[in-house]
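What follows is a short report on a single structure.
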Amino acid sequence: MRIGVFGLGYVGCVSAACFAKEGHQVIGVDVNVDKVDIINSGKSPIVEPGLDELIGEVVGSGKLRATTDYKEAVANSDVSLICVGTPSRKNGSVSLEYIFRVAEQIGEAIREIDHYHVVVIRSTVPPGTLEKVLRIISEKSGKRIGEQFGGCSNPEFLREGTALKDFYDPPYTIIGELDPRSGEYLQQMYAFLKAPLIRTDVKVAELVKYANNVFHALKVAFANEIGTICKAHGVDSHKLMEIFVMDTKLNISSYYLKPGFAFGGSCLPKDVRALTYQAKELDLELPLISSLMRSNQEHIRRAVDMVLAHGKKRIGVLGLSFKGNTDDLRESPMVDVVETLIGKGYDIRIYDRNVHLARLFGANKEYINKKIPHISRLMVDRVDKILEFAEIIIIGNKNPEFTSLIEQLNHNFIVIDYVRIVDDLRRLKVKYDGLCW
């Protein structure tokens with residue numbers, strides 16, 4: 001099948017590369033010329049394990065190419081996947097600016113083609129968004145919804161750092177279809193997957209991603225609060241949670257239920273705010289969900305207080321992105337910690353190999369240079385520069401290279417681990433403190 005992918009961020013790049021790997025003819029579309037050029041050179045514009053090699057393979061085979069020309073992409077596609085960002089506004093609502101902009105472009109392009117075309121939203125959007133997108137396309141193209149073009153909601157379930165594995169082994173594939181004809185297109189696209197395929201109403205598909213992500217955020221906050229209580233009582237929170245998650249009948253899964261650092265990234269904070277905002281619009285009181293962001297911020301405050309309690313000013317940070325094996329700084333709690341410590345007069349150096357690469361060419365380059373240049377200037381390119389400088393070392397994410405490093409350090413260092421990167425604490429020689437264990 002011929003597929004156009006609009007937006008070449010995490011979801012777009014992974015989706016484009018994987019569909020191309022499965023034999024589909026894929027055209028990626030983005031307004032960022034640098035991203036387009038990087039992909040056409042056979043490289044990945046984002047840091048994601050295995051993606052660089054996969055893009056090199058499918059670009060080399062001719063199954064994937066990128067362009068800034070949206071009309072060309074629609075003209076040579078049967079399906080358009082919308083994978084652009086849906087960032088939070090200050091009041092917590094979701095900005096659909098990029099979604100609607102792409103809808104206008106697709107509408108202009110559909111006006112000039114004579115084949116049936118299916119428009120699919122992969123981005124996380126509130127219920128009713130696909131309906132608005134299809135109306136925009138109809139107005140721009142002069143064509144009838146459900147007759148000359150169709151639409152589906154197809155939310156993604158990709159975790160940064162394990163996105164390729166998640167693409168091929170999802171919990172399920174959800175197709176919220178405008179009509180059976182549209183759904184058939186997507187069912188054919190996903191024929192290679194063994195996961196359950198669910199064809200349902202559009203609004204169900206749009207809302208299920210919020211339900212998933214808000215529940216994941218709930219699990220993180222719940223585990224962290226339990227971990228905080230455990231620490232106060234001298235209880236090993238990880239042993240407690242190991243027992244807790246043995247109940248697979250009621251507690252569902254163990255993935256997020258490990259006391260650690262605050263949640264962050266491009267999905268959980270944004271989607272918690274979005275669902276809270278929707279509740280306000282409907283005059284509904286959702287006390288637990290509304291408390292998640294406050295709980296998360298309180299956890300970040302505790303993380304800062306742990307550093308302040310030691311009274312030492314030279315701080316080395318290992319891991320700035322919100323998660324290991326990714327360069328994504330969007331709503332990374334470590335950025336909040338660093339900015340707070342800077343404001344209190346602390347001297348800081350930061351090492352994150354993936355973010356350092358992003359400074360040079362990656363998708364986060366603009367964010368780093370424009371939004372947090374003061375933090376960017378504190379970054380070093382080698383971990384030994386952290387060891388030469390720091391009195392306290394903070395572990396900010398689970399990058400595997402940090403584990404062996406911490407196990408080799410001597411008593412001269414204080415390590416504050418926000419994410420529990422070492423399982424057997426008895427092997428450590430350093431002064432060690434965990435955030436909620």
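Each chain in the structure tokens gets a letter, A, B, ..., in the order shown, and its residues are numbered from 1; ligands are numbered from 1 in order too.
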
_Backbone DSSP call of alpha helix (DSSP H) for range 192-424 of chain A, listed as a PyMOL selection string_ = chain A and resi 202-233+237-244+268-281+287-308+333-343+353-360+365-371+373-376+383-389+401-408

*Can you tell me, as a PyMOL selection string, what residues are no more than 6 Å from range 23-38 of chain A when counting only C-alpha atoms, ignoring any on the same chain fewer than 3 positions away?*
chain A and resi 1-8+19-20+41+43+45+63-68

*asked:* So that I can see what lies close to Tyr10 in chain A, please list as JSON, numbers by chain the residues with an atom at most 10 Å from it, counting only C-alpha atoms and leaving out residues fewer than 5 positions away in the same chain.
replied: {"A": [15, 44, 45, 46, 47, 48, 83, 84, 85, 158, 159, 160, 163, 266, 326, 328, 363]}

Output of the above residues as a short mmCIF file (atom, residue, chain, number, x, y, z; two decimals), in the first residue's frame, restricted to C-alpha atoms:
data_model
loop_
_atom_site.label_atom_id
_atom_site.label_comp_id
_atom_site.auth_asym_id
_atom_site.auth_seq_id
_atom_site.Cartn_x
_atom_site.Cartn_y
_atom_site.Cartn_z
CA SER A 15 5.75 4.42 11.78
CA SER A 44 17.34 9.04 11.72
CA PRO A 45 16.67 12.60 12.96
CA ILE A 46 15.80 11.23 16.41
CA VAL A 47 17.62 9.04 18.92
CA GLU A 48 15.87 5.67 19.12
CA CYS A 83 1.58 12.12 13.27
CA VAL A 84 2.23 15.77 14.20
CA GLY A 85 2.55 17.09 17.75
CA LEU A 158 4.98 3.51 21.30
CA ARG A 159 7.32 4.12 24.23
CA GLU A 160 10.43 6.12 23.52
CA ALA A 163 9.51 2.13 20.01
CA SER A 266 5.66 14.06 25.44
CA THR A 326 16.13 8.86 24.05
CA ASP A 328 13.59 13.83 24.30
CA ALA A 363 15.12 16.67 16.53
#

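Taking CA of Asn296 in chain A and CA of Thr340 in chain A as the two end points, the separation is 15.4 Å.
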
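Between CA of Lys429 in chain A and CA of Glu407 in chain A the interatomic distance comes to 7.2 Å.
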
*Which residues, written as JSON, numbers by chain, have at least one atom at most 9 Å from Gly260 in chain A, with only C-alpha atoms counted and residues fewer than 2 positions away on the same chain left out?*
{"A": [220, 223, 224, 227, 258, 262, 263, 417, 418, 419, 420, 434, 435, 436, 437]}

_Give me the residues near Leu257 in chain A as a ChimeraX atom specification, where near means some atom within 8 Å (using only C-alpha atoms) and where sequence neighbours in that chain fewer than 4 positions away do not count._
/A:219-220,222-223,241,245,253

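For the set A:Val102, A:Leu409, A:Leu193, A:Ile393, the residue with the smallest atom-to-atom gap to Asp169 in chain A is A:Leu193, counting only C-alpha atoms.
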
*For CA of Arg301 in chain A and CA of Phe261 in chain A, quote the distance in Å rounded to one decimal.*
11.0 Å

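With distances restricted to only C-alpha atoms, A:Thr129 is the closest residue to Val204 in chain A from A:Ser182, A:Ile243, A:Thr129, A:Ala274.
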
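Every protein, DNA or RNA residue with an atom at most 10 Å from Val338 in chain A, where only C-alpha atoms count and chain neighbours fewer than 5 positions away do not, is listed here: Val304, Ile315, Val317, Leu320, Pro333, Gly343, Lys344, Tyr346, Asp347, Ile348, Arg349, Ile350 and Ile375 of chain A.
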
Filtering to C-alpha atoms, could you give me those residues as a PDB file, in the first residue's frame?
ATOM      1  CA  VAL A 304      15.567  18.840  44.759  1.00  0.00           C
ATOM      2  CA  ILE A 315      26.597  18.883  41.103  1.00  0.00           C
ATOM      3  CA  VAL A 317      24.034  15.230  36.399  1.00  0.00           C
ATOM      4  CA  LEU A 320      18.957  14.938  31.252  1.00  0.00           C
ATOM      5  CA  PRO A 333      11.626  16.380  35.210  1.00  0.00           C
ATOM      6  CA  GLY A 343      18.346  29.353  40.590  1.00  0.00           C
ATOM      7  CA  LYS A 344      19.664  28.463  44.052  1.00  0.00           C
ATOM      8  CA  TYR A 346      24.500  25.573  42.431  1.00  0.00           C
ATOM      9  CA  ASP A 347      27.364  24.873  40.021  1.00  0.00           C
ATOM     10  CA  ILE A 348      26.238  22.160  37.599  1.00  0.00           C
ATOM     11  CA  ARG A 349      27.654  20.041  34.800  1.00  0.00           C
ATOM     12  CA  ILE A 350      25.521  17.666  32.727  1.00  0.00           C
ATOM     13  CA  ILE A 375      21.270  24.409  30.395  1.00  0.00           C
TER      14      ILE A 375
END
